[in-house]
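S.K.: For reference, the file start.csv (CSV, C-alpha atoms) is included below:
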```
chain,number,residue,atom,x,y,z
F,1,MET,CA,0.0,24.7,-24.4
F,2,LEU,CA,-0.6,21.8,-21.9
F,3,LYS,CA,-2.8,23.0,-19.1
F,4,ILE,CA,-2.6,21.0,-15.8
F,5,MET,CA,-4.5,21.4,-12.5
F,6,VAL,CA,-3.1,20.0,-9.3
F,7,THR,CA,-5.1,19.3,-6.1
F,8,ASN,CA,-4.8,17.0,-3.0
F,9,ASP,CA,-6.4,16.2,0.3
F,10,ASP,CA,-3.4,16.8,2.6
F,11,GLY,CA,-3.6,20.5,2.1
F,12,ILE,CA,-1.9,23.1,0.0
F,13,ASP,CA,1.1,23.3,2.4
F,14,ALA,CA,1.8,19.5,2.2
F,15,LEU,CA,5.1,18.3,0.9
F,16,GLY,CA,3.5,15.7,-1.4
F,17,ILE,CA,1.7,18.3,-3.6
F,18,LYS,CA,5.0,20.2,-3.9
F,19,ARG,CA,6.7,17.1,-5.1
F,20,LEU,CA,3.9,16.4,-7.6
F,21,THR,CA,4.2,19.9,-9.0
F,22,GLU,CA,7.9,19.6,-9.3
F,23,ALA,CA,7.5,16.5,-11.4
F,24,LEU,CA,4.9,18.3,-13.6
F,25,LEU,CA,7.2,21.2,-14.1
F,26,SER,CA,9.6,18.9,-15.9
F,27,LEU,CA,7.0,18.8,-18.8
F,28,ASP,CA,7.9,21.1,-21.6
F,29,GLY,CA,5.5,24.0,-22.0
F,30,ALA,CA,3.2,23.0,-19.2
F,31,GLU,CA,1.0,25.7,-17.5
F,32,ILE,CA,0.2,24.5,-14.0
F,33,CYS,CA,-2.5,25.7,-11.7
F,34,VAL,CA,-2.6,24.5,-8.0
F,35,VAL,CA,-6.0,24.5,-6.3
F,36,ALA,CA,-5.9,22.7,-3.0
F,37,PRO,CA,-7.6,22.6,0.4
F,38,LYS,CA,-6.5,25.3,2.8
F,39,GLU,CA,-6.2,22.6,5.5
F,40,GLU,CA,-5.9,18.8,5.6
F,41,LYS,CA,-9.0,17.0,4.4
F,42,SER,CA,-7.9,13.4,4.5
F,43,GLY,CA,-10.7,10.8,4.5
F,44,VAL,CA,-13.5,13.1,3.5
F,45,GLY,CA,-14.4,11.0,0.4
F,46,HIS,CA,-16.3,13.0,-2.2
F,47,GLY,CA,-17.8,15.5,0.2
F,48,LEU,CA,-19.0,18.9,-1.1
F,49,THR,CA,-19.6,22.1,0.8
F,50,TYR,CA,-23.2,23.4,0.7
F,51,ARG,CA,-23.9,25.2,3.9
F,52,SER,CA,-20.9,27.6,4.0
F,53,ALA,CA,-19.3,29.8,1.4
F,54,LEU,CA,-16.1,28.9,-0.5
F,55,SER,CA,-13.5,31.6,-0.6
F,56,PRO,CA,-10.5,30.8,-2.9
F,57,GLU,CA,-7.4,32.7,-1.8
F,58,GLN,CA,-4.5,33.2,-4.3
F,59,ARG,CA,-1.2,32.0,-2.8
F,60,ASP,CA,2.5,31.8,-3.4
F,61,PHE,CA,3.4,28.2,-3.8
F,62,TYR,CA,6.9,27.4,-2.6
F,63,GLY,CA,8.2,30.1,-5.0
F,64,LEU,CA,7.5,27.8,-7.9
F,65,PRO,CA,6.3,29.2,-11.3
F,66,VAL,CA,2.7,28.2,-10.9
F,67,LYS,CA,-0.6,29.9,-10.1
F,68,ALA,CA,-2.0,28.7,-6.8
F,69,TRP,CA,-5.2,29.0,-4.7
F,70,ALA,CA,-6.1,27.7,-1.3
F,71,VAL,CA,-9.8,26.8,-0.8
F,72,ASN,CA,-11.7,26.4,2.5
F,73,GLY,CA,-13.2,23.2,1.4
F,74,ASN,CA,-12.7,19.5,0.3
F,75,PRO,CA,-10.7,18.2,-2.7
F,76,ALA,CA,-13.9,17.8,-4.7
F,77,ASP,CA,-14.8,21.4,-3.8
F,78,CYS,CA,-11.4,22.5,-5.1
F,79,VAL,CA,-11.9,20.9,-8.5
F,80,LYS,CA,-15.5,22.0,-8.9
F,81,ALA,CA,-14.8,25.6,-7.7
F,82,ALA,CA,-11.8,25.9,-10.0
F,83,PHE,CA,-13.8,24.8,-13.0
F,84,HIS,CA,-16.7,27.2,-12.3
F,85,LEU,CA,-15.0,30.1,-10.6
F,86,LEU,CA,-11.3,30.3,-11.5
F,87,PHE,CA,-11.2,29.1,-15.1
F,88,ALA,CA,-12.7,31.5,-17.6
F,89,GLY,CA,-15.2,30.0,-20.1
F,90,ASP,CA,-13.8,27.0,-21.9
F,91,ASP,CA,-10.3,27.5,-20.3
F,92,LYS,CA,-10.4,24.1,-18.6
F,93,PRO,CA,-7.2,22.1,-17.9
F,94,ASP,CA,-6.3,19.2,-20.1
F,95,ILE,CA,-5.8,17.0,-17.1
F,96,VAL,CA,-6.1,17.0,-13.3
F,97,PHE,CA,-3.6,15.4,-11.0
F,98,SER,CA,-4.4,14.8,-7.3
F,99,GLY,CA,-1.8,14.1,-4.7
F,100,ILE,CA,0.8,13.0,-3.9
F,101,ASN,CA,-1.0,11.5,-0.9
F,102,VAL,CA,0.9,10.6,2.3
F,103,GLY,CA,0.3,6.9,2.4
F,104,THR,CA,-1.5,4.6,0.0
F,105,ASN,CA,-5.0,4.6,-1.4
F,106,LEU,CA,-5.6,0.9,-2.2
F,107,GLY,CA,-8.7,-1.2,-2.7
F,108,ARG,CA,-11.8,0.3,-1.0
F,109,ASP,CA,-9.8,3.3,0.1
F,110,ILE,CA,-10.9,4.9,-3.1
F,111,TYR,CA,-14.3,5.4,-1.6
F,112,TYR,CA,-13.0,7.3,1.5
F,113,SER,CA,-10.1,9.1,-0.1
F,114,GLY,CA,-10.1,12.8,-0.7
F,115,THR,CA,-7.2,12.3,-3.1
F,116,CYS,CA,-9.3,10.0,-5.3
F,117,SER,CA,-12.3,12.3,-5.1
F,118,GLY,CA,-10.2,15.1,-6.6
F,119,ALA,CA,-9.5,12.9,-9.7
F,120,ARG,CA,-13.0,11.6,-9.8
F,121,GLU,CA,-14.5,15.1,-9.7
F,122,ALA,CA,-12.4,16.1,-12.7
F,123,VAL,CA,-13.8,13.1,-14.7
F,124,LEU,CA,-17.3,14.1,-13.7
F,125,LEU,CA,-16.6,17.5,-15.2
F,126,GLY,CA,-15.3,16.1,-18.4
F,127,VAL,CA,-11.5,16.1,-17.8
F,128,PRO,CA,-9.1,13.2,-17.2
F,129,GLY,CA,-8.1,12.7,-13.6
F,130,VAL,CA,-5.2,10.9,-11.9
F,131,ALA,CA,-4.8,10.3,-8.2
F,132,LEU,CA,-1.3,9.5,-6.9
F,133,SER,CA,-0.4,8.1,-3.5
F,134,TYR,CA,2.9,7.1,-1.9
F,135,ASP,CA,3.5,4.3,0.6
F,136,ASN,CA,5.3,6.5,3.2
F,137,TRP,CA,2.7,6.6,6.0
F,138,ASP,CA,5.4,5.5,8.5
F,139,ASP,CA,8.0,7.9,7.0
F,140,GLN,CA,5.9,10.9,6.1
F,141,GLY,CA,8.6,13.5,5.7
F,142,ASN,CA,10.5,11.4,3.2
F,143,TYR,CA,9.4,11.4,-0.4
F,144,GLY,CA,12.6,9.8,-1.6
F,145,GLU,CA,13.0,9.7,-5.4
F,146,VAL,CA,9.2,9.9,-6.1
F,147,VAL,CA,9.7,12.9,-8.4
F,148,GLU,CA,12.0,10.9,-10.7
F,149,MET,CA,9.7,7.8,-10.4
F,150,ILE,CA,6.5,9.5,-11.5
F,151,ALA,CA,7.9,11.9,-14.1
F,152,PRO,CA,7.6,9.4,-17.0
F,153,LEU,CA,4.1,8.5,-15.7
F,154,VAL,CA,2.7,12.0,-15.5
F,155,ARG,CA,4.2,12.8,-18.9
F,156,ASP,CA,2.5,9.8,-20.5
F,157,PHE,CA,-0.9,10.6,-18.9
F,158,SER,CA,-0.5,14.2,-20.0
F,159,GLU,CA,0.3,13.3,-23.6
F,160,LYS,CA,-2.6,10.9,-23.8
F,161,ALA,CA,-4.9,13.6,-22.4
F,162,VAL,CA,-3.9,16.1,-25.0
F,163,GLN,CA,-4.3,13.5,-27.7
F,164,ARG,CA,-7.8,12.6,-26.3
F,165,LYS,CA,-6.6,9.0,-25.8
F,166,LEU,CA,-7.9,8.6,-22.2
F,167,PRO,CA,-11.4,7.2,-21.7
F,168,GLY,CA,-14.0,9.7,-20.5
F,169,ASP,CA,-15.6,7.8,-17.6
F,170,VAL,CA,-12.5,6.6,-15.8
F,171,PHE,CA,-10.1,8.1,-13.3
F,172,TRP,CA,-6.7,6.5,-12.6
F,173,ASN,CA,-5.5,5.5,-9.2
F,174,VAL,CA,-1.7,5.3,-8.9
F,175,ASN,CA,0.1,3.9,-5.8
F,176,ILE,CA,3.9,4.1,-5.6
F,177,PRO,CA,6.1,2.0,-3.3
F,178,HIS,CA,8.4,3.7,-0.8
F,179,LEU,CA,11.6,2.4,-2.4
F,180,PRO,CA,14.7,3.7,-4.1
F,181,LYS,CA,14.0,4.1,-7.8
F,182,ASN,CA,16.4,1.3,-8.7
F,183,GLN,CA,14.5,-1.1,-6.6
F,184,VAL,CA,11.1,-0.4,-8.2
F,185,LYS,CA,10.3,-3.4,-10.4
F,186,GLY,CA,8.1,-1.5,-12.9
F,187,ILE,CA,4.6,-0.3,-13.5
F,188,LYS,CA,1.7,-2.8,-13.4
F,189,PRO,CA,-2.0,-2.6,-14.2
F,190,ALA,CA,-3.8,-3.6,-11.0
F,191,ALA,CA,-7.3,-4.5,-9.9
F,192,LEU,CA,-8.6,-3.1,-6.6
F,193,SER,CA,-7.8,-5.2,-3.6
F,194,LEU,CA,-11.0,-4.8,-1.7
F,195,HIS,CA,-10.3,-7.2,1.2
F,196,HIS,CA,-6.6,-6.7,2.1
F,197,TYR,CA,-7.4,-5.2,5.5
F,198,GLU,CA,-9.9,-5.5,8.3
F,199,ASP,CA,-11.3,-2.6,10.3
F,200,ARG,CA,-10.8,-2.5,14.1
F,201,TYR,CA,-11.7,0.1,16.7
F,202,LEU,CA,-9.2,0.6,19.6
F,203,GLN,CA,-10.5,2.1,22.8
F,204,GLU,CA,-8.6,5.1,24.2
F,205,ALA,CA,-9.4,7.5,27.0
F,206,GLU,CA,-11.2,9.8,24.5
F,207,GLY,CA,-13.2,7.0,22.9
F,208,TYR,CA,-12.7,4.6,19.9
F,209,PHE,CA,-10.2,5.1,17.1
F,210,LEU,CA,-10.5,3.3,13.8
F,211,THR,CA,-7.4,1.2,12.8
F,212,ARG,CA,-6.6,-1.7,10.5
F,213,THR,CA,-5.2,-5.2,10.6
F,214,TYR,CA,-3.8,-6.9,7.6
F,215,PRO,CA,-4.6,-10.7,7.3
F,216,ASP,CA,-2.2,-13.1,5.6
F,217,GLU,CA,-2.2,-12.8,1.9
F,218,SER,CA,-4.2,-15.3,-0.1
F,219,THR,CA,-3.8,-16.7,-3.6
F,220,LEU,CA,-5.2,-14.1,-6.1
F,221,ALA,CA,-7.0,-14.8,-9.4
F,222,GLU,CA,-5.8,-11.5,-10.8
F,223,PRO,CA,-3.1,-8.9,-9.9
F,224,GLN,CA,-4.3,-6.5,-7.2
F,225,ASP,CA,-3.0,-3.2,-6.2
F,226,TYR,CA,-2.0,-4.0,-2.6
F,227,GLN,CA,0.0,-7.1,-3.5
F,228,LEU,CA,1.7,-5.5,-6.5
F,229,LEU,CA,2.7,-2.4,-4.4
F,230,LYS,CA,4.1,-4.6,-1.6
F,231,SER,CA,6.0,-6.6,-4.3
F,232,GLY,CA,7.8,-3.4,-5.4
F,233,TYR,CA,5.6,-2.3,-8.4
F,234,ILE,CA,3.9,1.0,-9.1
F,235,ALA,CA,0.2,-0.1,-9.3
F,236,VAL,CA,-2.1,1.7,-11.7
F,237,THR,CA,-5.9,1.1,-11.6
F,238,PRO,CA,-8.4,2.4,-14.0
F,239,VAL,CA,-11.6,3.1,-11.9
F,240,HIS,CA,-14.9,3.5,-13.8
F,241,ILE,CA,-17.2,6.1,-12.2
F,242,ASP,CA,-20.3,4.3,-13.5
F,243,ALA,CA,-21.0,1.8,-10.7
F,244,THR,CA,-24.0,0.3,-12.4
F,245,ASP,CA,-24.0,-3.6,-12.5
F,246,ARG,CA,-25.2,-4.0,-16.1
F,247,LYS,CA,-25.5,-7.8,-15.8
F,248,LEU,CA,-27.6,-7.6,-12.7
F,249,LEU,CA,-29.6,-4.8,-14.3
F,250,ARG,CA,-30.6,-7.2,-17.1
F,251,GLU,CA,-31.3,-10.1,-14.6
F,252,MET,CA,-33.7,-7.8,-12.7
F,253,GLU,CA,-36.1,-7.9,-15.6
F,254,GLU,CA,-36.8,-11.5,-14.6
F,255,TRP,CA,-37.6,-10.7,-11.0
F,256,THR,CA,-41.1,-11.7,-10.0
F,257,LEU,CA,-41.7,-8.4,-8.4
F,258,VAL,CA,-40.7,-6.5,-11.6
F,259,GLN,CA,-42.8,-8.7,-13.8
F,260,SER,CA,-45.8,-8.8,-11.5
F,261,TRP,CA,-46.1,-5.0,-11.0
F,262,GLY,CA,-47.9,-4.9,-14.4
F,263,VAL,CA,-47.5,-3.0,-17.6
F,264,ARG,CA,-49.5,0.1,-18.4
F,265,LYS,CA,-51.5,-0.3,-21.6
F,266,GLU,CA,-49.8,2.7,-23.2
F,267,ASP,CA,-46.4,1.1,-22.6
F,268,GLU,CA,-47.3,-2.1,-24.4
```
Rewrite the structure from the file as structure tokens, please.
M.R.:
Amino acid sequence: MLKIMVTNDDGIDALGIKRLTEALLSLDGAEICVVAPKEEKSGVGHGLTYRSALSPEQRDFYGLPVKAWAVNGNPADCVKAAFHLLFAGDDKPDIVFSGINVGTNLGRDIYYSGTCSGAREAVLLGVPGVALSYDNWDDQGNYGEVVEMIAPLVRDFSEKAVQRKLPGDVFWNVNIPHLPKNQVKGIKPAALSLHHYEDRYLQEAEGYFLTRTYPDESTLAEPQDYQLLKSGYIAVTPVHIDATDRKLLREMEEWTLVQSWGVRKEDE
């Protein structure tokens, strides 16, 4: 039986996680477990709870035929706690889906995003993880035809997970345009667009609020997630969790400081 865990960062009562679960329920023989934050935890990154206790609470989930728990923690807490507290022994899921997030998670958003951290934590625990986000920030109550659009995608990821065809150190970041299904041009592999916005702080009476500005698009050497999404494609990015720069690591062996430190006789 296909075992799937679902989490998010918008909270267990968010509409996006309901839509994701509905898409997953279209998979034959899928056993689905929802473990999500009790409250909204957007923008918490990969934060974990250390100084207070986690208390998973079993919940009804929109009357859907799934098991569900709300956790008083972050998305990464939800995945970690589920693996260690809720799943007995080796009864881990085959794959973890995180989302569907209100608004996109593009480029460097993956470092701030609780949605992405849910998928990343799954990979750290040895299970494939997929983060899904929808470009509806300005129309948050409207998830359009997103269930129909992602159904083939979650099916493909799930089948590959069962067949052990997904790489072990990668989570998948999926961004979906807010368009009718017949206007979506297709699915495209996408690099991260790390510089598609600039941070700005706006002063209000209460203080300063972080916002963004979007500069004019420039010519790209490779397809990037922001530009592909805005062109009407579902953008899918494989994100490796090992951030080591291997080329630079080798070059460091030639650094004067490294060579001049000296080599112990027993290391020669």
S.K.: So, counting all atoms listed in the file, which residue among F:Asp199, F:Glu40, F:Asp28, F:Asp109 is closest to Ser133 of chain F?
M.R.: F:Asp109
S.K.: Within 12 Å of segment 10-26 of chain F, which residues of segment 134-231 of chain F show up? Give each one with its shortest atom-to-atom distance in Å (one decimal) and the two atoms involved, counting all atoms listed in the file, rows by chain then rising residue number, as a Markdown table.
M.R.:
```
| residue | atom | partner | partner_atom | distance |
| --- | --- | --- | --- | --- |
| F:Tyr134 | CA | F:Gly16 | CA | 8.6 |
| F:Asp135 | CA | F:Gly16 | CA | 11.6 |
| F:Asn136 | CA | F:Gly16 | CA | 10.4 |
| F:Trp137 | CA | F:Gly16 | CA | 11.8 |
| F:Gln140 | CA | F:Leu15 | CA | 9.1 |
| F:Gly141 | CA | F:Leu15 | CA | 7.6 |
| F:Asn142 | CA | F:Leu15 | CA | 9.1 |
| F:Tyr143 | CA | F:Gly16 | CA | 7.4 |
| F:Gly144 | CA | F:Arg19 | CA | 10.0 |
| F:Glu145 | CA | F:Arg19 | CA | 9.7 |
| F:Val146 | CA | F:Arg19 | CA | 7.7 |
| F:Val147 | CA | F:Ala23 | CA | 5.2 |
| F:Glu148 | CA | F:Ala23 | CA | 7.2 |
| F:Met149 | CA | F:Ala23 | CA | 9.0 |
| F:Ile150 | CA | F:Ala23 | CA | 7.1 |
| F:Ala151 | CA | F:Ala23 | CA | 5.3 |
| F:Pro152 | CA | F:Ala23 | CA | 9.0 |
| F:Leu153 | CA | F:Ala23 | CA | 9.7 |
| F:Val154 | CA | F:Leu24 | CA | 6.9 |
| F:Arg155 | CA | F:Leu24 | CA | 7.7 |
| F:Asp156 | CA | F:Leu24 | CA | 11.2 |
| F:Phe157 | CA | F:Leu24 | CA | 11.0 |
| F:Ser158 | CA | F:Leu24 | CA | 9.3 |
```
S.K.: Counting all atoms listed in the file, figure out which residue out of F:Glu121, F:Asp216, F:Glu159, F:Asp245 gets nearest to Cys78 of chain F.
M.R.: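 Going through F:Glu121, F:Asp216, F:Glu159, F:Asp245 one by one, the smallest distance to Cys78 of chain F is for F:Glu121.
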S.K.: Considering all atoms listed in the file, state which residue in the set F:Val102, F:Ile241, F:Ile32, F:Met5 is at the smallest distance from Pro167 of chain F.
M.R.: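 Distance minimum relative to Pro167 of chain F lands on F:Ile241.
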S.K.: How many Å lie between atom CA of Val162 of chain F and atom CA of Val123 of chain F, rounded to one decimal?
M.R.: 14.6 Å
S.K.: What does the distance between atom CA of Leu257 of chain F and atom CA of Asp242 of chain F come to in Å, to one decimal place?
M.R.: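 Interatomic distance, atom CA of Leu257 of chain F to atom CA of Asp242 of chain F: 25.4 Å.
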